[in-house]
2 protein chains.
Amino acid sequence: MSTYSIGIDIGGTNTDMGLVRNDGTIVTRSNIPTNAYIDFEPYIRDIVACIEKMMKDCNVDTIEGIGIGAPNGNFYTGCVDNAPNLTIKGVLNFEQEIHKYMNVPVVLSNDANAAAYGEMVYGGAKGLQHFIMFTLGTGVGSGIVIDGKLVHGSTGAAGELGHSILIPNGRRCTCGRNGCLETYTSARGIVQTYFELKGTPVTADVDSKRIGDLANQGDPTALKTWETVADQLGLAMANAVNFSAPQAIFLMGGPTKVGEPLLKPLQAAFDRYILNIFAGSCQIRMSQLKANEVAILGAAALIKMKK
Amino acid sequence: MSTYSIGIDIGGTNTDMGLVRNDGTIVTRSNIPTNAYIDFEPYIRDIVACIEKMMKDCNVDTIEGIGIGAPNGNFYTGCVDNAPNLTIKGVLNFEQEIHKYMNVPVVLSNDANAAAYGEMVYGGAKGLQHFIMFTLGTGVGSGIVIDGKLVHGSTGAAGELGHSILIPNGRRCTCGRNGCLETYTSARGIVQTYFELKGTPVTADVDSKRIGDLANQGDPTALKTWETVADQLGLAMANAVNFSAPQAIFLMGGPTKVGEPLLKPLQAAFDRYILNIFAGSCQIRMSQLKANEVAILGAAALIKMKK
């Protein structure tokens with residue numbers, strides 16, 4: 001029998017919502033502009049109105065719950081705590097506010113954790129008990145699954161491997177420290193590496209997508225850029241294996257779309273850096289979820305954790 | 001009511017055994033020389049004889065189980081797999097062999113995992129749900145507890161943070177790779193750093209204990225050595241926090257006995273390297289178990305995991 005849940009992806013610009021069937025189909029979608037709100041109450045009211053409309057439009061009477069992926073989303077408290085990119089300020093208790101209108105489970109987590117969980121429930125990590133998801137984009141996020149459970153840690157914010165220091169005293173990071181993985185393997189870090197290798201100042205017309213296209217056309221500097229990124233990411237992935245001995249590490253996000261120029265040297269770097277006792281025990285895999293669905297599916301998947 | 005279990009610490013030279021009361025007291029101890037055995041069967045027979053004698057001597061009729069800490073000990077299989085430092089070769093199925101004589105639960109794990117679990121059951125980590133133990137000695141080991149459970153990962157060998165690569169292309173490690181944490185913060189790594197700072201060849205009369213004594217007497221090179229080690233260990237600890245957001249990181253082992261010269265700069269380095277969202281959420285603590293008891297208590301504690 002089909003059951004349904006709601007997935008909500010809260011971004012600084014838009015709040016995307018979807019009604020998700022238990023087979024991983026997004027039956028219908030809706031969205032409101034997050035940055036049009038200053039106050040929390042009308043924002044929640046409009047979210048609830050969207051949910052009710054989606055359910056009505058699809059003749060769905062009951063849902064299993066509402067899952068929310070949000071920057072700074074805290075699994076334990078059900079709150080978004082002072083997210084810098086939101087126009088609505090303060091500690092936002094989504095669980096409590098939504099419960100004023102709807103009596104269903106509400107589960108929050110950050111976006112990378114939601115992506116990992118979505119992969120497990122609806123994607124390529126089905127049936128896996130131990131895996132790690134790296135999301136490459138504006139930043140580098142991660143979600144860690146151990147024994148079939150998402151790792152939230154004592155604070156609810158565990159799984160920040162993008163801010164593991166890869167190169168002591170390396171590049172300056174937005175977090176205020178130096179040498180974080182994110183400064184090398186985020187879209188911006190990849191662009192920086194390209195121009196460093198080229199030996200010219202950074203120009204605004206070249207993004208990581210363009211460097212991917214150049215590499216696939218055989219441009220030597222672009223190819224060298226992806227080899228460098230592969231080496232750095234492969235090292236970080238091998239280090240992560242020491243922690244939880246996962247069966248697989250998944251990758252998703254814009255920069256991974258380049259394909260071979262990244263993936264071939266990445267496998268080689270991972271094989272070179274992995275500790276001997278783990279050799280062959282952990283595969284590198286690409287996310288099996290569509291880029292425009294992962295956020296909603298990941299959020300909706302969070303509901304499955306309550307059971 | 002008092003209950004009892006057996007803790008066994010398997011080293012290359014000695015096999016130490018203890019009868020442990022549920023309050024964490026080692027009621028009596030016994031040992032046999034591991035390296036006097038080539039065959040597994042007589043070795044197990046003698047272990048069982050020791051266990052039965054300890055129980056008889058103390059008028060203990062029943063035990064909850066037998067916990068074993070061993071190099072390459074695998075929690076999932078109950079086997080020690082080809083441990084390089086044992087004279088008994090091959091895959092040693094302790095669980096199966098002991099069950100030929102005694103019908104009680106047998107649980108195996110590696111020594112650092114056992115130390116972490118011992119700290120949780122009998123030591124300073126009582127009541128904690130999320131912590132990491134670093135053991136500094138000949139090597140650097142670690143045990144990771146998440147949600148009150150030891151992390152074994154998919155292979156049973158998770159928690160090898162001593163082999164996380166701290167400095168890419170750094171010092172050569174016994175594992176065949178370069179730059180592992182172990183090459184800097186093990187007893188041997190500390191000695192190497194001391195002589196590098198001194199600018200003279202390594203001599204056999206100086207060990208990490210001696211460098212500790214020198215530091216506590218105010219020797220500038222020794223003090224600088226511990227500051228360097230603190231910086232390296234503090235960085236590795238901050239990186240580990242990104243993974244599981246623990247409430248505490250525990251330290252044990254010979255080199256930690258130096259006290260202030262390590263611990264003061266370590267706290268400073270940890271505070272400097274920790275990601276801002278985790279600031280203040282994780283304490284550095286020393287193991288509360290005695291050095292000569294931790295291996296047996298840790299092994300005995302493993303039994304508690306079966307429940």
# chains A, B, ... in the order shown; residues from 1 in each chain; ligands from 1
>>> interface_residues(of="chain A", to="chain B", cutoff="6 Å", atoms="only C-alpha atoms", output="JSON, numbers by chain")
{"A": [153, 154, 158, 159, 160, 161, 164, 239, 242, 243, 244, 245, 246]}
>>> select_by_dssp(residues="segment 79-249 of chain A", states="helix (DSSP H, G or I)", output="PyMOL selection string")
chain A and resi 94-99+111-122+161-163+182-185+187-198+208-216+220-244
>>> write_last_selection(atoms="C-alpha atoms", output="short mmCIF file (atom, residue, chain, number, x, y, z; two decimals), in the first residue's frame")
data_model
loop_
_atom_site.label_atom_id
_atom_site.label_comp_id
_atom_site.auth_asym_id
_atom_site.auth_seq_id
_atom_site.Cartn_x
_atom_site.Cartn_y
_atom_site.Cartn_z
CA PHE A 94 9.66 24.14 13.36
CA GLU A 95 8.47 21.06 15.24
CA GLN A 96 6.53 23.08 17.82
CA GLU A 97 5.06 25.58 15.35
CA ILE A 98 3.92 22.99 12.81
CA HIS A 99 2.31 21.00 15.60
CA ASP A 111 20.84 19.31 4.27
CA ALA A 112 23.86 17.02 3.87
CA ASN A 113 22.54 14.63 6.52
CA ALA A 114 19.19 14.61 4.75
CA ALA A 115 20.92 13.85 1.43
CA ALA A 116 22.69 10.86 3.01
CA TYR A 117 19.48 9.56 4.48
CA GLY A 118 17.62 10.10 1.22
CA GLU A 119 20.26 7.99 -0.54
CA MET A 120 19.66 5.20 1.97
CA VAL A 121 15.87 5.25 1.82
CA TYR A 122 15.31 6.05 -1.87
CA LEU A 161 33.80 16.55 7.16
CA GLY A 162 34.00 19.53 4.79
CA HIS A 163 35.62 21.34 7.69
CA GLU A 182 36.04 22.69 1.64
CA THR A 183 38.67 25.25 0.61
CA TYR A 184 40.03 22.74 -1.93
CA THR A 185 37.11 20.64 -3.15
CA ALA A 187 33.22 24.70 -6.47
CA ARG A 188 35.10 27.81 -5.41
CA GLY A 189 38.15 25.82 -4.26
CA ILE A 190 38.32 24.03 -7.60
CA VAL A 191 38.26 27.37 -9.46
CA GLN A 192 41.04 28.67 -7.21
CA THR A 193 43.18 25.62 -7.93
CA TYR A 194 42.64 26.03 -11.68
CA PHE A 195 43.88 29.62 -11.64
CA GLU A 196 46.77 28.76 -9.33
CA LEU A 197 47.89 26.09 -11.81
CA LYS A 198 47.37 28.50 -14.70
CA SER A 208 33.78 24.63 -11.88
CA LYS A 209 31.36 23.57 -14.64
CA ARG A 210 33.53 25.34 -17.23
CA ILE A 211 36.67 23.70 -15.83
CA GLY A 212 34.86 20.39 -16.19
CA ASP A 213 34.04 21.11 -19.84
CA LEU A 214 37.64 22.17 -20.50
CA ALA A 215 38.95 18.96 -18.93
CA ASN A 216 36.64 16.83 -21.06
CA PRO A 220 45.91 20.16 -19.67
CA THR A 221 45.47 22.76 -16.88
CA ALA A 222 41.85 21.71 -16.35
CA LEU A 223 42.85 18.02 -16.26
CA LYS A 224 45.59 18.81 -13.76
CA THR A 225 43.03 20.72 -11.67
CA TRP A 226 40.76 17.68 -11.37
CA GLU A 227 43.75 15.44 -10.60
CA THR A 228 44.68 17.77 -7.76
CA VAL A 229 41.10 17.84 -6.45
CA ALA A 230 40.95 14.04 -6.75
CA ASP A 231 44.13 13.69 -4.70
CA GLN A 232 42.78 15.94 -1.96
CA LEU A 233 39.33 14.37 -1.89
CA GLY A 234 40.78 10.84 -2.04
CA LEU A 235 42.93 11.57 1.00
CA ALA A 236 39.97 12.98 2.94
CA MET A 237 37.87 9.96 2.00
CA ALA A 238 40.60 7.51 3.09
CA ASN A 239 40.83 9.34 6.41
CA ALA A 240 37.07 9.06 6.84
CA VAL A 241 37.27 5.29 6.29
CA ASN A 242 39.53 5.00 9.36
CA PHE A 243 36.71 6.36 11.44
CA SER A 244 33.72 4.22 10.56
#
>>> atom_distance(atom1="atom CA of Gly90 of chain B", atom2="atom CA of Asp39 of chain B")
10.1 Å
>>> select_by_dssp(residues="segment 1-241 of chain A", states="strand (DSSP E)", output="ChimeraX atom specification")
/A:4-10,14-21,26-33,66-69,73-74,79-81,91-93,106-109,131-136,140-146,149-150
>>> write_last_selection(atoms="C-alpha atoms", output="compact mmCIF listing (two decimals), in the first residue's frame")
# COMPACT_ATOMS: atom_id res chain seq x y z
CA TYR A 4 3.06 9.45 1.86
CA SER A 5 5.25 11.96 3.61
CA ILE A 6 6.26 15.58 3.11
CA GLY A 7 9.81 16.69 2.34
CA ILE A 8 10.76 20.34 2.84
CA ASP A 9 14.07 21.86 1.72
CA ILE A 10 14.67 25.22 3.32
CA ASN A 14 13.23 29.31 -1.69
CA THR A 15 11.43 26.78 0.45
CA ASP A 16 10.76 23.75 -1.73
CA MET A 17 8.16 21.23 -0.68
CA GLY A 18 7.10 17.90 -2.08
CA LEU A 19 4.55 15.20 -1.38
CA VAL A 20 6.56 11.97 -1.53
CA ARG A 21 5.16 8.49 -2.04
CA ILE A 26 7.60 13.09 -5.74
CA VAL A 27 3.88 13.19 -6.53
CA THR A 28 3.57 16.96 -6.50
CA ARG A 29 5.67 19.98 -5.52
CA SER A 30 5.16 23.46 -4.19
CA ASN A 31 7.32 26.36 -3.04
CA ILE A 32 7.33 29.72 -1.31
CA PRO A 33 10.02 32.44 -1.28
CA ILE A 66 7.11 16.02 7.70
CA GLY A 67 10.86 15.93 7.15
CA ILE A 68 12.84 19.15 6.90
CA GLY A 69 16.36 19.66 5.58
CA GLY A 73 18.75 22.17 11.30
CA ASN A 74 19.03 20.35 14.62
CA CYS A 79 14.85 23.84 15.59
CA VAL A 80 16.84 25.81 13.03
CA ASP A 81 19.35 27.74 15.12
CA VAL A 91 15.92 29.97 16.96
CA LEU A 92 13.07 28.63 14.83
CA ASN A 93 11.18 25.77 16.42
CA VAL A 106 8.24 16.53 12.31
CA VAL A 107 11.93 15.69 11.86
CA LEU A 108 14.72 18.17 11.08
CA SER A 109 18.32 17.74 10.06
CA PHE A 131 28.27 4.68 4.38
CA ILE A 132 29.28 8.32 4.06
CA MET A 133 27.90 10.94 1.69
CA PHE A 134 30.07 13.85 0.53
CA THR A 135 28.17 16.71 -1.11
CA LEU A 136 30.30 19.02 -3.24
CA VAL A 140 31.42 20.63 1.10
CA GLY A 141 28.97 18.81 3.34
CA SER A 142 28.75 15.26 4.59
CA GLY A 143 26.34 12.85 6.17
CA ILE A 144 27.47 9.70 7.97
CA VAL A 145 25.46 6.53 8.43
CA ILE A 146 26.64 3.90 10.94
CA LYS A 149 21.55 5.29 11.61
CA LEU A 150 22.49 8.86 10.76
>>> atom_distance(atom1="atom CA of Asn85 of chain B", atom2="atom CA of Ala70 of chain B")
10.5 Å
>>> atom_distance(atom1="atom CA of Glu64 of chain A", atom2="atom CA of Gly12 of chain A")
26.4 Å
>>> residues_around(residues="Leu86 of chain B", least_positions_apart="6", cutoff="8 Å", atoms="only C-alpha atoms", output="NGL selection string")
:B and (11-12 or 34-35)
>>> write_last_selection(atoms="N, CA and C atoms", output="mmCIF file, in the first residue's frame")
data_model
loop_
_atom_site.group_PDB
_atom_site.id
_atom_site.type_symbol
_atom_site.label_atom_id
_atom_site.label_comp_id
_atom_site.auth_asym_id
_atom_site.auth_seq_id
_atom_site.Cartn_x
_atom_site.Cartn_y
_atom_site.Cartn_z
ATOM 1 N N GLY B 11 48.520 -10.038 24.428
ATOM 2 C CA GLY B 11 49.686 -9.358 23.878
ATOM 3 C C GLY B 11 50.617 -10.367 23.244
ATOM 4 N N GLY B 12 51.576 -9.890 22.486
ATOM 5 C CA GLY B 12 52.525 -10.783 21.832
ATOM 6 C C GLY B 12 53.343 -11.587 22.831
ATOM 7 N N THR B 34 52.137 -15.842 25.999
ATOM 8 C CA THR B 34 51.573 -16.054 24.658
ATOM 9 C C THR B 34 52.605 -16.658 23.709
ATOM 10 N N ASN B 35 53.824 -16.131 23.771
ATOM 11 C CA ASN B 35 54.852 -16.525 22.802
ATOM 12 C C ASN B 35 55.463 -17.900 23.080
#
>>> decode(residues="segment 3-118 of chain A", atoms="C-alpha atoms", output="compact mmCIF listing (two decimals), in the first residue's frame")
# COMPACT_ATOMS: atom_id res chain seq x y z
CA THR A 3 2.01 5.80 2.12
CA TYR A 4 3.06 9.45 1.86
CA SER A 5 5.25 11.96 3.61
CA ILE A 6 6.26 15.58 3.11
CA GLY A 7 9.81 16.69 2.34
CA ILE A 8 10.76 20.34 2.84
CA ASP A 9 14.07 21.86 1.72
CA ILE A 10 14.67 25.22 3.32
CA GLY A 11 17.05 27.43 1.38
CA GLY A 12 17.81 31.09 1.85
CA THR A 13 15.90 31.99 -1.32
CA ASN A 14 13.23 29.31 -1.69
CA THR A 15 11.43 26.78 0.45
CA ASP A 16 10.76 23.75 -1.73
CA MET A 17 8.16 21.23 -0.68
CA GLY A 18 7.10 17.90 -2.08
CA LEU A 19 4.55 15.20 -1.38
CA VAL A 20 6.56 11.97 -1.53
CA ARG A 21 5.16 8.49 -2.04
CA ASN A 22 6.93 5.63 -0.22
CA ASP A 23 8.37 4.38 -3.53
CA GLY A 24 10.40 7.60 -3.80
CA THR A 25 8.17 9.39 -6.30
CA ILE A 26 7.60 13.09 -5.74
CA VAL A 27 3.88 13.19 -6.53
CA THR A 28 3.57 16.96 -6.50
CA ARG A 29 5.67 19.98 -5.52
CA SER A 30 5.16 23.46 -4.19
CA ASN A 31 7.32 26.36 -3.04
CA ILE A 32 7.33 29.72 -1.31
CA PRO A 33 10.02 32.44 -1.28
CA THR A 34 11.85 32.08 2.07
CA ASN A 35 13.37 35.55 1.81
CA ALA A 36 9.93 37.20 1.55
CA TYR A 37 9.39 36.46 5.25
CA ILE A 38 10.68 38.29 8.32
CA ASP A 39 8.39 36.62 10.86
CA PHE A 40 8.23 32.93 11.60
CA GLU A 41 4.48 32.61 12.18
CA PRO A 42 3.20 33.62 8.71
CA TYR A 43 6.00 31.55 7.15
CA ILE A 44 4.84 28.43 8.98
CA ARG A 45 1.20 29.21 8.18
CA ASP A 46 2.01 29.37 4.47
CA ILE A 47 4.04 26.15 4.62
CA VAL A 48 1.11 24.37 6.25
CA ALA A 49 -1.26 25.80 3.62
CA CYS A 50 1.00 24.43 0.86
CA ILE A 51 1.10 21.01 2.52
CA GLU A 52 -2.67 20.89 2.87
CA LYS A 53 -3.16 21.96 -0.74
CA MET A 54 -0.72 19.34 -2.07
CA MET A 55 -2.50 16.64 -0.06
CA LYS A 56 -5.93 17.79 -1.24
CA ASP A 57 -4.83 18.03 -4.89
CA CYS A 58 -3.60 14.44 -4.78
CA ASN A 59 -6.43 13.02 -2.68
CA VAL A 60 -4.02 12.09 0.10
CA ASP A 61 -5.72 12.11 3.52
CA THR A 62 -2.89 11.13 5.83
CA ILE A 63 0.89 11.52 5.84
CA GLU A 64 3.52 9.71 7.89
CA GLY A 65 5.18 12.96 8.82
CA ILE A 66 7.11 16.02 7.70
CA GLY A 67 10.86 15.93 7.15
CA ILE A 68 12.84 19.15 6.90
CA GLY A 69 16.36 19.66 5.58
CA ALA A 70 17.73 23.04 6.58
CA PRO A 71 21.04 24.80 7.17
CA ASN A 72 21.72 24.54 10.93
CA GLY A 73 18.75 22.17 11.30
CA ASN A 74 19.03 20.35 14.62
CA PHE A 75 17.70 16.81 14.80
CA TYR A 76 17.46 16.79 18.59
CA THR A 77 15.62 20.06 19.15
CA GLY A 78 13.54 20.29 15.97
CA CYS A 79 14.85 23.84 15.59
CA VAL A 80 16.84 25.81 13.03
CA ASP A 81 19.35 27.74 15.12
CA ASN A 82 20.30 31.20 13.84
CA ALA A 83 20.90 30.22 10.21
CA PRO A 84 22.99 33.04 8.72
CA ASN A 85 21.35 32.81 5.28
CA LEU A 86 17.73 33.16 6.46
CA THR A 87 15.83 36.46 6.66
CA ILE A 88 13.82 35.04 9.58
CA LYS A 89 16.15 35.40 12.56
CA GLY A 90 16.58 33.52 15.83
CA VAL A 91 15.92 29.97 16.96
CA LEU A 92 13.07 28.63 14.83
CA ASN A 93 11.18 25.77 16.42
CA PHE A 94 9.66 24.14 13.36
CA GLU A 95 8.47 21.06 15.24
CA GLN A 96 6.53 23.08 17.82
CA GLU A 97 5.06 25.58 15.35
CA ILE A 98 3.92 22.99 12.81
CA HIS A 99 2.31 21.00 15.60
CA LYS A 100 -0.03 23.93 16.20
CA TYR A 101 -1.64 23.03 12.88
CA MET A 102 -0.85 19.39 12.15
CA ASN A 103 -0.47 16.45 14.52
CA VAL A 104 2.20 14.46 12.62
CA PRO A 105 5.87 13.73 13.36
CA VAL A 106 8.24 16.53 12.31
CA VAL A 107 11.93 15.69 11.86
CA LEU A 108 14.72 18.17 11.08
CA SER A 109 18.32 17.74 10.06
CA ASN A 110 20.89 19.64 8.05
CA ASP A 111 20.84 19.31 4.27
CA ALA A 112 23.86 17.02 3.87
CA ASN A 113 22.54 14.63 6.52
CA ALA A 114 19.19 14.61 4.75
CA ALA A 115 20.92 13.85 1.43
CA ALA A 116 22.69 10.86 3.01
CA TYR A 117 19.48 9.56 4.48
CA GLY A 118 17.62 10.10 1.22
